[in-house]
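As provided, model_12.cif (mmCIF, N, CA and C atoms) reads as follows.
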```cif
data_coords
#
loop_
_atom_site.label_atom_id
_atom_site.label_comp_id
_atom_site.auth_asym_id
_atom_site.auth_seq_id
_atom_site.Cartn_x
_atom_site.Cartn_y
_atom_site.Cartn_z
N MET S 72 0.85 -1.17 0.00
CA MET S 72 0.00 0.00 0.00
C MET S 72 0.90 1.24 0.00
N ASN S 73 0.57 2.19 -0.78
CA ASN S 73 1.31 3.44 -0.91
C ASN S 73 1.20 4.24 0.38
N GLN S 74 2.31 4.90 0.81
CA GLN S 74 2.32 5.69 2.04
C GLN S 74 1.28 6.79 2.01
N ASP S 75 1.11 7.46 0.86
CA ASP S 75 0.10 8.52 0.76
C ASP S 75 -1.29 7.97 1.04
N VAL S 76 -1.57 6.79 0.50
CA VAL S 76 -2.87 6.16 0.72
C VAL S 76 -3.02 5.80 2.19
N LEU S 77 -1.96 5.24 2.80
CA LEU S 77 -2.02 4.87 4.21
C LEU S 77 -2.27 6.10 5.07
N SER S 78 -1.59 7.21 4.79
CA SER S 78 -1.79 8.44 5.56
C SER S 78 -3.21 8.96 5.41
N GLN S 79 -3.75 8.88 4.19
CA GLN S 79 -5.12 9.33 3.97
C GLN S 79 -6.10 8.47 4.75
N ILE S 80 -5.85 7.18 4.78
CA ILE S 80 -6.73 6.27 5.54
C ILE S 80 -6.65 6.61 7.01
N ASP S 81 -5.43 6.82 7.54
CA ASP S 81 -5.27 7.12 8.95
C ASP S 81 -5.99 8.40 9.33
N VAL S 82 -5.86 9.45 8.53
CA VAL S 82 -6.54 10.71 8.83
C VAL S 82 -8.04 10.51 8.75
N ALA S 83 -8.50 9.80 7.73
CA ALA S 83 -9.93 9.56 7.56
C ALA S 83 -10.50 8.73 8.71
N ASP S 84 -9.68 7.82 9.26
CA ASP S 84 -10.12 6.97 10.37
C ASP S 84 -10.01 7.68 11.72
N GLY S 85 -9.54 8.92 11.71
CA GLY S 85 -9.42 9.66 12.96
C GLY S 85 -8.15 9.36 13.72
N TYR S 86 -7.13 8.82 13.05
CA TYR S 86 -5.90 8.47 13.73
C TYR S 86 -4.90 9.61 13.78
N GLY S 87 -5.28 10.81 13.44
CA GLY S 87 -4.40 11.96 13.54
C GLY S 87 -3.67 12.27 12.26
N GLU S 88 -3.11 13.48 12.24
CA GLU S 88 -2.36 13.95 11.08
C GLU S 88 -0.92 13.44 11.17
N SER S 89 -0.40 12.87 10.08
CA SER S 89 0.97 12.39 10.05
C SER S 89 1.92 13.55 9.80
N LEU S 90 2.89 13.75 10.72
CA LEU S 90 3.84 14.84 10.62
C LEU S 90 5.19 14.38 10.07
N TYR S 91 5.53 13.12 10.34
CA TYR S 91 6.83 12.58 9.92
C TYR S 91 6.70 11.06 9.87
N THR S 92 7.29 10.44 8.87
CA THR S 92 7.17 8.99 8.70
C THR S 92 8.51 8.38 8.33
N ARG S 93 8.80 7.23 8.90
CA ARG S 93 9.93 6.39 8.48
C ARG S 93 9.32 5.07 8.05
N VAL S 94 9.81 4.55 6.94
CA VAL S 94 9.34 3.27 6.40
C VAL S 94 10.48 2.27 6.48
N VAL S 95 10.18 1.08 7.00
CA VAL S 95 11.17 0.01 7.10
C VAL S 95 10.61 -1.19 6.33
N LYS S 96 11.28 -1.54 5.24
CA LYS S 96 10.87 -2.71 4.46
C LYS S 96 11.70 -3.90 4.93
N ALA S 97 11.00 -4.98 5.28
CA ALA S 97 11.67 -6.16 5.85
C ALA S 97 11.00 -7.42 5.29
N GLY S 98 11.45 -7.84 4.11
CA GLY S 98 10.88 -9.04 3.50
C GLY S 98 9.42 -8.84 3.16
N HIS S 99 8.56 -9.75 3.65
CA HIS S 99 7.13 -9.65 3.34
C HIS S 99 6.39 -8.71 4.31
N ARG S 100 7.16 -8.02 5.15
CA ARG S 100 6.58 -7.04 6.07
C ARG S 100 7.11 -5.65 5.75
N THR S 101 6.25 -4.66 5.95
CA THR S 101 6.65 -3.26 5.87
C THR S 101 6.14 -2.58 7.13
N TYR S 102 7.03 -1.81 7.75
CA TYR S 102 6.68 -1.10 8.97
C TYR S 102 6.66 0.39 8.69
N PHE S 103 5.68 1.08 9.24
CA PHE S 103 5.58 2.53 9.16
C PHE S 103 5.65 3.07 10.59
N ILE S 104 6.59 3.97 10.83
CA ILE S 104 6.72 4.62 12.12
C ILE S 104 6.36 6.08 11.89
N ASP S 105 5.21 6.47 12.40
CA ASP S 105 4.68 7.81 12.15
C ASP S 105 4.64 8.64 13.42
N LEU S 106 5.07 9.89 13.30
CA LEU S 106 4.82 10.88 14.33
C LEU S 106 3.52 11.56 13.93
N LYS S 107 2.56 11.56 14.83
CA LYS S 107 1.24 12.10 14.50
C LYS S 107 0.81 13.09 15.57
N ALA S 108 -0.20 13.88 15.21
CA ALA S 108 -0.77 14.84 16.15
C ALA S 108 -2.28 14.82 16.03
N THR S 109 -2.92 14.96 17.17
CA THR S 109 -4.36 15.11 17.18
C THR S 109 -4.71 16.55 16.83
N ARG S 110 -5.97 16.83 16.68
CA ARG S 110 -6.41 18.21 16.39
C ARG S 110 -5.99 19.17 17.50
N SER S 111 -5.91 18.66 18.72
CA SER S 111 -5.52 19.52 19.85
C SER S 111 -4.00 19.51 20.07
N LYS S 112 -3.25 19.03 19.07
CA LYS S 112 -1.77 19.02 19.09
C LYS S 112 -1.18 18.14 20.18
N ASP S 113 -1.84 17.03 20.49
CA ASP S 113 -1.24 16.00 21.33
C ASP S 113 -0.48 15.08 20.40
N TYR S 114 0.81 14.88 20.65
CA TYR S 114 1.65 14.09 19.76
C TYR S 114 1.70 12.64 20.22
N PHE S 115 1.79 11.74 19.24
CA PHE S 115 1.91 10.32 19.54
C PHE S 115 2.59 9.62 18.39
N ILE S 116 3.04 8.40 18.65
CA ILE S 116 3.68 7.58 17.62
C ILE S 116 2.69 6.49 17.22
N SER S 117 2.59 6.27 15.93
CA SER S 117 1.77 5.19 15.39
C SER S 117 2.71 4.21 14.71
N LEU S 118 2.72 2.97 15.17
CA LEU S 118 3.50 1.90 14.53
C LEU S 118 2.53 1.04 13.74
N THR S 119 2.79 0.88 12.46
CA THR S 119 1.92 0.08 11.61
C THR S 119 2.75 -1.01 10.95
N GLU S 120 2.25 -2.22 11.02
CA GLU S 120 2.87 -3.35 10.33
C GLU S 120 1.93 -3.77 9.22
N LEU S 121 2.43 -3.80 7.99
CA LEU S 121 1.69 -4.37 6.87
C LEU S 121 2.37 -5.68 6.53
N ARG S 122 1.60 -6.75 6.49
CA ARG S 122 2.16 -8.07 6.24
C ARG S 122 1.36 -8.75 5.14
N LYS S 123 2.08 -9.25 4.15
CA LYS S 123 1.42 -9.99 3.07
C LYS S 123 1.34 -11.45 3.47
N LYS S 124 0.12 -12.00 3.36
CA LYS S 124 -0.11 -13.41 3.69
C LYS S 124 -0.72 -14.11 2.48
N ASN S 125 -0.21 -15.29 2.22
CA ASN S 125 -0.79 -16.13 1.16
C ASN S 125 -1.96 -16.90 1.74
N THR S 126 -3.10 -16.79 1.08
CA THR S 126 -4.30 -17.52 1.50
C THR S 126 -4.82 -18.29 0.29
N PRO S 127 -5.74 -19.20 0.50
CA PRO S 127 -6.33 -19.91 -0.64
C PRO S 127 -6.99 -18.97 -1.66
N ASN S 128 -7.37 -17.76 -1.21
CA ASN S 128 -8.00 -16.78 -2.09
C ASN S 128 -7.01 -15.80 -2.70
N GLY S 129 -5.73 -16.03 -2.50
CA GLY S 129 -4.71 -15.13 -3.04
C GLY S 129 -3.96 -14.43 -1.91
N VAL S 130 -3.21 -13.41 -2.27
CA VAL S 130 -2.42 -12.66 -1.30
C VAL S 130 -3.30 -11.62 -0.62
N VAL S 131 -3.23 -11.60 0.70
CA VAL S 131 -4.01 -10.67 1.51
C VAL S 131 -3.02 -9.83 2.32
N THR S 132 -3.29 -8.55 2.43
CA THR S 132 -2.46 -7.67 3.24
C THR S 132 -3.13 -7.49 4.60
N GLU S 133 -2.39 -7.85 5.65
CA GLU S 133 -2.88 -7.71 7.02
C GLU S 133 -2.24 -6.46 7.63
N ARG S 134 -3.02 -5.68 8.33
CA ARG S 134 -2.53 -4.43 8.90
C ARG S 134 -2.75 -4.43 10.41
N ASN S 135 -1.67 -4.16 11.15
CA ASN S 135 -1.73 -4.09 12.61
C ASN S 135 -1.17 -2.74 13.06
N LYS S 136 -1.81 -2.13 14.05
CA LYS S 136 -1.38 -0.81 14.53
C LYS S 136 -1.19 -0.83 16.04
N VAL S 137 -0.21 -0.04 16.48
CA VAL S 137 0.01 0.23 17.90
C VAL S 137 0.22 1.73 18.03
N PHE S 138 -0.44 2.33 19.01
CA PHE S 138 -0.26 3.75 19.28
C PHE S 138 0.49 3.91 20.58
N ILE S 139 1.51 4.77 20.56
CA ILE S 139 2.28 5.08 21.77
C ILE S 139 2.07 6.56 22.05
N PHE S 140 1.43 6.85 23.15
CA PHE S 140 1.08 8.22 23.46
C PHE S 140 2.24 8.96 24.11
N ASN S 141 2.24 10.27 23.94
CA ASN S 141 3.34 11.13 24.34
C ASN S 141 3.82 10.85 25.76
N GLU S 142 2.90 10.66 26.70
CA GLU S 142 3.29 10.46 28.09
C GLU S 142 3.98 9.11 28.32
N ASP S 143 3.91 8.19 27.36
CA ASP S 143 4.52 6.87 27.50
C ASP S 143 5.78 6.68 26.66
N ILE S 144 6.09 7.63 25.80
CA ILE S 144 7.19 7.45 24.84
C ILE S 144 8.53 7.21 25.54
N GLU S 145 8.83 7.96 26.58
CA GLU S 145 10.12 7.80 27.26
C GLU S 145 10.24 6.41 27.89
N LYS S 146 9.18 5.94 28.54
CA LYS S 146 9.19 4.61 29.16
C LYS S 146 9.38 3.52 28.10
N ILE S 147 8.65 3.65 27.00
CA ILE S 147 8.75 2.66 25.92
C ILE S 147 10.15 2.68 25.32
N SER S 148 10.70 3.88 25.10
CA SER S 148 12.04 4.02 24.53
C SER S 148 13.09 3.36 25.42
N GLU S 149 13.03 3.63 26.71
CA GLU S 149 13.98 3.02 27.65
C GLU S 149 13.87 1.49 27.64
N SER S 150 12.66 1.00 27.67
CA SER S 150 12.46 -0.46 27.68
C SER S 150 12.91 -1.10 26.37
N LEU S 151 12.62 -0.44 25.25
CA LEU S 151 13.04 -0.96 23.96
C LEU S 151 14.57 -1.01 23.87
N ASN S 152 15.23 0.05 24.31
CA ASN S 152 16.70 0.06 24.31
C ASN S 152 17.26 -1.04 25.20
N ASP S 153 16.62 -1.30 26.34
CA ASP S 153 17.04 -2.37 27.24
C ASP S 153 16.93 -3.73 26.56
N VAL S 154 15.81 -3.97 25.89
CA VAL S 154 15.60 -5.24 25.20
C VAL S 154 16.61 -5.41 24.06
N ILE S 155 16.88 -4.34 23.32
CA ILE S 155 17.86 -4.39 22.23
C ILE S 155 19.25 -4.74 22.79
N ALA S 156 19.62 -4.15 23.91
CA ALA S 156 20.90 -4.47 24.56
C ALA S 156 20.94 -5.93 24.97
N LYS S 157 19.83 -6.47 25.46
CA LYS S 157 19.78 -7.89 25.83
C LYS S 157 19.94 -8.79 24.62
N ILE S 158 19.36 -8.39 23.50
CA ILE S 158 19.53 -9.18 22.28
C ILE S 158 21.01 -9.27 21.94
N ALA S 159 21.72 -8.15 21.99
CA ALA S 159 23.15 -8.14 21.71
C ALA S 159 23.90 -9.01 22.69
N GLU S 160 23.50 -8.96 23.98
CA GLU S 160 24.14 -9.76 25.02
C GLU S 160 23.93 -11.25 24.77
N PHE S 161 22.71 -11.65 24.43
CA PHE S 161 22.40 -13.07 24.20
C PHE S 161 23.01 -13.59 22.90
N SER S 162 23.28 -12.68 21.96
CA SER S 162 23.80 -13.08 20.66
C SER S 162 25.30 -13.38 20.69
N LYS S 163 25.98 -13.05 21.80
CA LYS S 163 27.44 -13.27 21.87
C LYS S 163 27.77 -14.72 22.02
#
```

The structure given in the file should be rewritten as structure tokens.
Amino acid sequence: MNQDVLSQIDVADGYGESLYTRVVKAGHRTYFIDLKATRSKDYFISLTELRKKNTPNGVVTERNKVFIFNEDIEKISESLNDVIAKIAEFSK
């Protein structure tokens, strides 16, 4: 799905205006990391995973979203960095 189309869908669905986006393509998955704002200028991060799945009816795109609100971003960031460090530790 095109990023412009995804942004239009998000705004139309009431998920806020996209201010900045990073796209990560990873095999049959594509991740969108969006900085968004509500109408009242509350900022949040929207993580979207698009995954292509083969079904008997053909290829289907599955979409999953997670919202991280401004008041939780620092906690999530610290925890994510901790988990990433553990991955490096376990990989040795």

*Backbone-only DSSP, strand (DSSP E) members of chain S, as a VMD selection string*: chain S and resid 88 to 97 100 to 108 114 to 126 129 to 140

Mind writing the picked residues with N, CA and C atoms as a short mmCIF file (atom, residue, chain, number, x, y, z; two decimals), keeping the file's coordinate frame?
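So out03.cif came out as:
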```
data_model
loop_
_atom_site.label_atom_id
_atom_site.label_comp_id
_atom_site.auth_asym_id
_atom_site.auth_seq_id
_atom_site.Cartn_x
_atom_site.Cartn_y
_atom_site.Cartn_z
N GLU S 88 -3.11 13.48 12.24
CA GLU S 88 -2.36 13.95 11.08
C GLU S 88 -0.92 13.44 11.17
N SER S 89 -0.40 12.87 10.08
CA SER S 89 0.97 12.39 10.05
C SER S 89 1.92 13.55 9.80
N LEU S 90 2.89 13.75 10.72
CA LEU S 90 3.84 14.84 10.62
C LEU S 90 5.19 14.38 10.07
N TYR S 91 5.53 13.12 10.34
CA TYR S 91 6.83 12.58 9.92
C TYR S 91 6.70 11.06 9.87
N THR S 92 7.29 10.44 8.87
CA THR S 92 7.17 8.99 8.70
C THR S 92 8.51 8.38 8.33
N ARG S 93 8.80 7.23 8.90
CA ARG S 93 9.93 6.39 8.48
C ARG S 93 9.32 5.07 8.05
N VAL S 94 9.81 4.55 6.94
CA VAL S 94 9.34 3.27 6.40
C VAL S 94 10.48 2.27 6.48
N VAL S 95 10.18 1.08 7.00
CA VAL S 95 11.17 0.01 7.10
C VAL S 95 10.61 -1.19 6.33
N LYS S 96 11.28 -1.54 5.24
CA LYS S 96 10.87 -2.71 4.46
C LYS S 96 11.70 -3.90 4.93
N ALA S 97 11.00 -4.98 5.28
CA ALA S 97 11.67 -6.16 5.85
C ALA S 97 11.00 -7.42 5.29
N ARG S 100 7.16 -8.02 5.15
CA ARG S 100 6.58 -7.04 6.07
C ARG S 100 7.11 -5.65 5.75
N THR S 101 6.25 -4.66 5.95
CA THR S 101 6.65 -3.26 5.87
C THR S 101 6.14 -2.58 7.13
N TYR S 102 7.03 -1.81 7.75
CA TYR S 102 6.68 -1.10 8.97
C TYR S 102 6.66 0.39 8.69
N PHE S 103 5.68 1.08 9.24
CA PHE S 103 5.58 2.53 9.16
C PHE S 103 5.65 3.07 10.59
N ILE S 104 6.59 3.97 10.83
CA ILE S 104 6.72 4.62 12.12
C ILE S 104 6.36 6.08 11.89
N ASP S 105 5.21 6.47 12.40
CA ASP S 105 4.68 7.81 12.15
C ASP S 105 4.64 8.64 13.42
N LEU S 106 5.07 9.89 13.30
CA LEU S 106 4.82 10.88 14.33
C LEU S 106 3.52 11.56 13.93
N LYS S 107 2.56 11.56 14.83
CA LYS S 107 1.24 12.10 14.50
C LYS S 107 0.81 13.09 15.57
N ALA S 108 -0.20 13.88 15.21
CA ALA S 108 -0.77 14.84 16.15
C ALA S 108 -2.28 14.82 16.03
N TYR S 114 0.81 14.88 20.65
CA TYR S 114 1.65 14.09 19.76
C TYR S 114 1.70 12.64 20.22
N PHE S 115 1.79 11.74 19.24
CA PHE S 115 1.91 10.32 19.54
C PHE S 115 2.59 9.62 18.39
N ILE S 116 3.04 8.40 18.65
CA ILE S 116 3.68 7.58 17.62
C ILE S 116 2.69 6.49 17.22
N SER S 117 2.59 6.27 15.93
CA SER S 117 1.77 5.19 15.39
C SER S 117 2.71 4.21 14.71
N LEU S 118 2.72 2.97 15.17
CA LEU S 118 3.50 1.90 14.53
C LEU S 118 2.53 1.04 13.74
N THR S 119 2.79 0.88 12.46
CA THR S 119 1.92 0.08 11.61
C THR S 119 2.75 -1.01 10.95
N GLU S 120 2.25 -2.22 11.02
CA GLU S 120 2.87 -3.35 10.33
C GLU S 120 1.93 -3.77 9.22
N LEU S 121 2.43 -3.80 7.99
CA LEU S 121 1.69 -4.37 6.87
C LEU S 121 2.37 -5.68 6.53
N ARG S 122 1.60 -6.75 6.49
CA ARG S 122 2.16 -8.07 6.24
C ARG S 122 1.36 -8.75 5.14
N LYS S 123 2.08 -9.25 4.15
CA LYS S 123 1.42 -9.99 3.07
C LYS S 123 1.34 -11.45 3.47
N LYS S 124 0.12 -12.00 3.36
CA LYS S 124 -0.11 -13.41 3.69
C LYS S 124 -0.72 -14.11 2.48
N ASN S 125 -0.21 -15.29 2.22
CA ASN S 125 -0.79 -16.13 1.16
C ASN S 125 -1.96 -16.90 1.74
N THR S 126 -3.10 -16.79 1.08
CA THR S 126 -4.30 -17.52 1.50
C THR S 126 -4.82 -18.29 0.29
N GLY S 129 -5.73 -16.03 -2.50
CA GLY S 129 -4.71 -15.13 -3.04
C GLY S 129 -3.96 -14.43 -1.91
N VAL S 130 -3.21 -13.41 -2.27
CA VAL S 130 -2.42 -12.66 -1.30
C VAL S 130 -3.30 -11.62 -0.62
N VAL S 131 -3.23 -11.60 0.70
CA VAL S 131 -4.01 -10.67 1.51
C VAL S 131 -3.02 -9.83 2.32
N THR S 132 -3.29 -8.55 2.43
CA THR S 132 -2.46 -7.67 3.24
C THR S 132 -3.13 -7.49 4.60
N GLU S 133 -2.39 -7.85 5.65
CA GLU S 133 -2.88 -7.71 7.02
C GLU S 133 -2.24 -6.46 7.63
N ARG S 134 -3.02 -5.68 8.33
CA ARG S 134 -2.53 -4.43 8.90
C ARG S 134 -2.75 -4.43 10.41
N ASN S 135 -1.67 -4.16 11.15
CA ASN S 135 -1.73 -4.09 12.61
C ASN S 135 -1.17 -2.74 13.06
N LYS S 136 -1.81 -2.13 14.05
CA LYS S 136 -1.38 -0.81 14.53
C LYS S 136 -1.19 -0.83 16.04
N VAL S 137 -0.21 -0.04 16.48
CA VAL S 137 0.01 0.23 17.90
C VAL S 137 0.22 1.73 18.03
N PHE S 138 -0.44 2.33 19.01
CA PHE S 138 -0.26 3.75 19.28
C PHE S 138 0.49 3.91 20.58
N ILE S 139 1.51 4.77 20.56
CA ILE S 139 2.28 5.08 21.77
C ILE S 139 2.07 6.56 22.05
N PHE S 140 1.43 6.85 23.15
CA PHE S 140 1.08 8.22 23.46
C PHE S 140 2.24 8.96 24.11
#
```

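Coordinates place CA of Ile104 in chain S at a distance of 13.5 Å from CA of Ser148 in chain S.
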
*What gap, in Å, lies between CA of Leu121 in chain S and CA of Glu145 in chain S?*
25.2 Å

*Secondary structure check, helix (DSSP H, G or I) residues of chain S, as a PyMOL selection string*: chain S and resi 74-83+141-161

*Looking at all atoms listed in the file, which of S:Tyr114, S:Asn125, S:Val95, S:Asn152 is the one that sits closest to Ile139 in chain S?*
S:Tyr114

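Considering only C-alpha atoms, the residue among S:Ser162, S:Ser117, S:Ser89, S:Thr109 positioned nearest to Lys136 in chain S is S:Ser117.
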
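Taking all atoms listed in the file into account, Glu133 in chain S lies nearest to S:Glu120 out of the set S:Ala108, S:Thr101, S:Glu120, S:Glu149.
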
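You will find atom C of Phe115 in chain S at 16.1 Å from atom C of Val94 in chain S.
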
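Using all atoms listed in the file, the shortest contact distance between Phe140 in chain S and any of S:Ile116, S:Lys124, S:Ile158, S:Ser111 is found at S:Ile116.
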
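Distances from S:Asn141, S:Thr119, S:Thr126, S:Ser150 to Phe103 in chain S were compared using only N, CA and C atoms, and the smallest one belongs to S:Thr119.
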
*Can you tell me, as a list in words, which residues sit within 12 Å of (8.3, 15.0, 7.6) in the file's frame, using only C-alpha atoms?*
Glu88, Ser89, Leu90, Tyr91, Thr92, Arg93, Val94, Ile104, Asp105, Leu106 and Lys107 of chain S
